[in-house]
Every structure is written in structure tokens, then in C-alpha cells.
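Peer 1: Let me begin by handing over the structure; questions about it come next.
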Amino acid sequence: MTPHNSQLIFIDHQPQMAFGVQSIDRQVLKNNTVALAKAAKAFNIPTVITTVETQAFSGHTYPELLDVFPGQKILERSSMNSWDDQKVRDALKANGRKKVIVAGLWTEVCNNSFALCAMAEGDNEIYMVADASGGTSKEAHDYAMQRMIQAGVVPVTWQQVMLEWQRDWAHRETYDAVMAIVREHSGAYGMGVDYAYTMVHKAAERTTGEHEVLAPVPAR
């Protein structure tokens with residue numbers, strides 16, 4: 001995957017779909033999804049956001065995800081399979097990139113059906129972001145991933161995708177953006193970067209305001 005041959009689709013990152021997820025902690029799922037979106041923004045990856053039955057029962061896409069792409073058109077569907085909707089197929093075709101990175105809910109339904117059809121009918125290469133997707137149980141997610149892998153889908157994680165796009169830290173045009181995503185979304189790795197920046201390189205703390213530090217008072 002490179003920034004020049006990839007496109008990304010988010011499928012049904014909506015509250016009612018997230019309520020049913022049991023394969024991954026749902027806050028972690030949101031963190032990973034938003035991190036993937038920010039990475040796509042940093043590398044100018046063409047991105048599609050599609051939803052299903054928003055008004056009927058699924059609710060609106062995570063606001064944190066939408067805020068990464070202000071003004072983005074949301075492709076609403078009735079079918080559980082995004083490939084069934086002509087405007088989704090048209091959007092993917094217009095992007096002109098055969099490596100399609102997929103994150104969505106649920107793994108065993110919407111992701112699975114889209115992936116199989118996009119490969120068989122659209123001649124696309126599918127990369128499934130396992131940790132920005134979720135199923136209704138660990139088994140549902142895992143077996144769906146296995147089924148897709150058997151059909152030729154490539155399993156990836158959000159951070160793997162971002163770092164594969166970056167590839168070389170000498171690519172300074174995206175270095176700062178990637179480090180900002182790491183520090184905010186990559187858990188212990190991000191904490192380590194913050195520590196190195198502030199304690200080793202003496203950079204300013206990553207806060208939006210000043211905080212006065214009161215000196216310790218020794219015990220009596």
C-alpha cells in the first residue's frame with residue numbers, strides 16, 4: 001500500500017451498529033477508526049463514507065469521524081452490502097485505485113459482503129482493517145476475517161496501514177502529522193513519543209494551555 005495506490009471506505013460506523021459490537025472494546029474501536037481517518041487525511045487518501053438506514057435505526061456516523069472530513073458527502077444505503085449501491089460503486093471507481101482499504105461494522109455482514117463482491121465483481125484488492133472493524137461476537141468477527149482471508153482479502157490494522165503509507169521517516173512532509181496521530185491514538189507508543197519529545201528533546205508539552213507547577217513540600 002502506498003499513498004498513491006490506495007483508497008479507503010468506512011462502512012456503517014454508526015451508534016446502533018456499534019451497540020452490537022462485542023469483538024472489541026467499543027471505545028478502542030472508535031479510537032482506531034478516527035486514527036485511521038486522520039491518517040487518510042494526512043496522506044490525501046481518497047475516502048468514502050457510507051451509512052445504512054440512518055434515520056430508521058442506525059443513527060448518525062461518529063461525529064469524530066465526520067469532523068476529520070468536513071463537507072464530506074455521506075453515501076446512504078438500504079442494502080447491507082455497500083457494493084449493491086450504485087453511487088458507492090461509482091465513488092470507488094471515480095477514485096481510480098484498486099487497493100481498497102475497508103473499515104466497518106459489522107465484520108461478518110457489511111464488511112464481508114462488500115469485500116467479496118468488490119473483489120469478484122469489481123476486480124479490487126481488499127485490505128480489511130481488523131481493529132477498526134467489529135462483529136457481534138469475537139467468533140463472528142474472527143470467522144468472518146478467516147472467510148475473507150480465504151477469499152483473498154488482506155488483513156491489516158490501522159497503525160500498520162498508516163506506517164506503511166509513511167514507509168520512511170525521511171518523508172518529512174507527513175512526519176509531523178503521523179507523529180501527532182501516534183501521540184493521540186497509539187496508546188503506550190504515543191506516550192513514549194510524548195516522553196521522548198519532552199524529556200529527551202525538551203520539546204514543549206502537548207497541551208493547549210499553560211499549567212503552573214507547584215513545587216513539592218517535603219514531609220515533616
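Quick note on naming: the chains in the C-alpha cells go A, B, ... in the order shown, residues restart at 1 in each chain, and ligands are numbered from 1 in order of appearance.
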So which residues touch Asn112 in chain A within 9 Å, counting only C-alpha atoms, skipping near sequence neighbours fewer than 5 positions away, as a ChimeraX atom specification?
Peer 2: /A:81,106-107,117,144-145,147-148
Peer 1: Contacts of Tyr175 in chain A at 12 Å or less, counting only C-alpha atoms, minus same-chain residues fewer than 3 places along, as a PyMOL selection string?
Peer 2: chain A and resi 39+42-43+162-163+165-172+178-182
Peer 1: Which residue out of A:Arg183, A:Val109, A:Ala115, A:Ala35 has the minimum interatomic distance to Tyr197 in chain A when only C-alpha atoms are used?
Peer 2: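 Counting only C-alpha atoms, the residue closest to Tyr197 in chain A is A:Arg183.
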Peer 1: Write out as a list in words the set of residues from range 40-188 of chain A that DSSP, computed on the backbone, places in strand (DSSP E or B).
Peer 2: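 Of range 40-188 of chain A, only Thr47, Val48, Ile49, Thr50, Thr51, Val52, Ile74, Leu75, Glu76, Arg77, Lys99, Val100, Ile101, Val102, Ala103, Gly104, Leu105, Glu125, Ile126, Tyr127, Met128, Val129, Gly134, Val154, Pro155 and Val156 of chain A fall in strand (DSSP E or B).
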Peer 1: May I have the selected residues written with C-alpha atoms, as a PDB file, in the first residue's frame?
Peer 2:
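Result written to out.pdb:
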ATOM      1  CA  THR A  47     -12.113   8.303   1.231  1.00  0.00           C
ATOM      2  CA  VAL A  48     -15.716   7.127   1.000  1.00  0.00           C
ATOM      3  CA  ILE A  49     -18.101   7.155   3.967  1.00  0.00           C
ATOM      4  CA  THR A  50     -21.247   5.083   3.624  1.00  0.00           C
ATOM      5  CA  THR A  51     -24.143   4.529   6.022  1.00  0.00           C
ATOM      6  CA  VAL A  52     -27.210   2.303   6.248  1.00  0.00           C
ATOM      7  CA  ILE A  74     -22.247  10.589   3.131  1.00  0.00           C
ATOM      8  CA  LEU A  75     -23.477   7.770   0.903  1.00  0.00           C
ATOM      9  CA  GLU A  76     -26.673   6.424   2.442  1.00  0.00           C
ATOM     10  CA  ARG A  77     -27.861   2.920   1.545  1.00  0.00           C
ATOM     11  CA  LYS A  99      -6.350  -1.204  -3.426  1.00  0.00           C
ATOM     12  CA  VAL A 100      -9.441  -0.602  -1.300  1.00  0.00           C
ATOM     13  CA  ILE A 101      -8.886  -0.369   2.452  1.00  0.00           C
ATOM     14  CA  VAL A 102     -12.033  -1.226   4.403  1.00  0.00           C
ATOM     15  CA  ALA A 103     -13.144  -0.480   7.960  1.00  0.00           C
ATOM     16  CA  GLY A 104     -16.698  -1.087   9.043  1.00  0.00           C
ATOM     17  CA  LEU A 105     -19.443  -2.615  11.129  1.00  0.00           C
ATOM     18  CA  GLU A 125      -7.803  -5.714  -3.901  1.00  0.00           C
ATOM     19  CA  ILE A 126      -9.312  -5.546  -0.412  1.00  0.00           C
ATOM     20  CA  TYR A 127      -7.393  -4.736   2.765  1.00  0.00           C
ATOM     21  CA  MET A 128      -9.578  -5.259   5.844  1.00  0.00           C
ATOM     22  CA  VAL A 129      -8.674  -3.133   8.874  1.00  0.00           C
ATOM     23  CA  GLY A 134     -16.128  -5.102  14.782  1.00  0.00           C
ATOM     24  CA  VAL A 154      -5.531  -8.982   3.201  1.00  0.00           C
ATOM     25  CA  PRO A 155      -5.914  -8.419   6.985  1.00  0.00           C
ATOM     26  CA  VAL A 156      -4.302  -5.260   8.385  1.00  0.00           C
TER      27      VAL A 156
END
Peer 1: Could you tell me which of A:Thr208, A:Thr174, A:Ser78, A:Asn32 comes closest to Ala132 in chain A if we count only C-alpha atoms?
Peer 2: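 Ranked by minimum distance to Ala132 in chain A, first place goes to A:Asn32.
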Peer 1: In terms of the shortest atom-to-atom distance over only C-alpha atoms, which of A:Ile11, A:Leu116, A:Val193, A:Ala177 is closest to Gln150 in chain A?
Peer 2: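 For Gln150 in chain A, the nearest of the given residues is A:Leu116.
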Peer 1: What are the DSSP helix (DSSP H, G or I) residues of range 5-219 of chain A, as a ChimeraX atom specification?
Peer 2: /A:15-19,26-42,54-58,63-66,82-84,86-95,107-120,130-132,138-151,158-166,172-185,187-200
Peer 1: Would you list the contacts of Thr136 in chain A as a PDB file with C-alpha atoms, in the first residue's frame, taking every protein, DNA or RNA residue within 8 Å and counting only C-alpha atoms, but skipping same-chain residues closer than 6 positions in sequence?
Peer 2:
ATOM      1  CA  GLY A  20     -23.968  -4.641  18.814  1.00  0.00           C
ATOM      2  CA  VAL A  21     -20.184  -4.960  18.671  1.00  0.00           C
ATOM      3  CA  GLN A  22     -18.743  -7.475  21.135  1.00  0.00           C
ATOM      4  CA  SER A  23     -15.456  -8.407  19.445  1.00  0.00           C
ATOM      5  CA  TRP A 106     -20.246  -5.442  11.272  1.00  0.00           C
TER       6      TRP A 106
END
Peer 1: Considering only C-alpha atoms, can you say which of A:Met80, A:Pro63, A:Ala130, A:Arg26 comes closest to Val161 in chain A?
Peer 2: A:Ala130
Peer 1: Can you work out which one of A:Thr54, A:Leu36, A:Ser79, A:Asn31 has the shortest atom-to-atom distance to Pro15 in chain A, counting only C-alpha atoms?
Peer 2: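 Ranking A:Thr54, A:Leu36, A:Ser79, A:Asn31 by distance to Pro15 in chain A, first place goes to A:Thr54.
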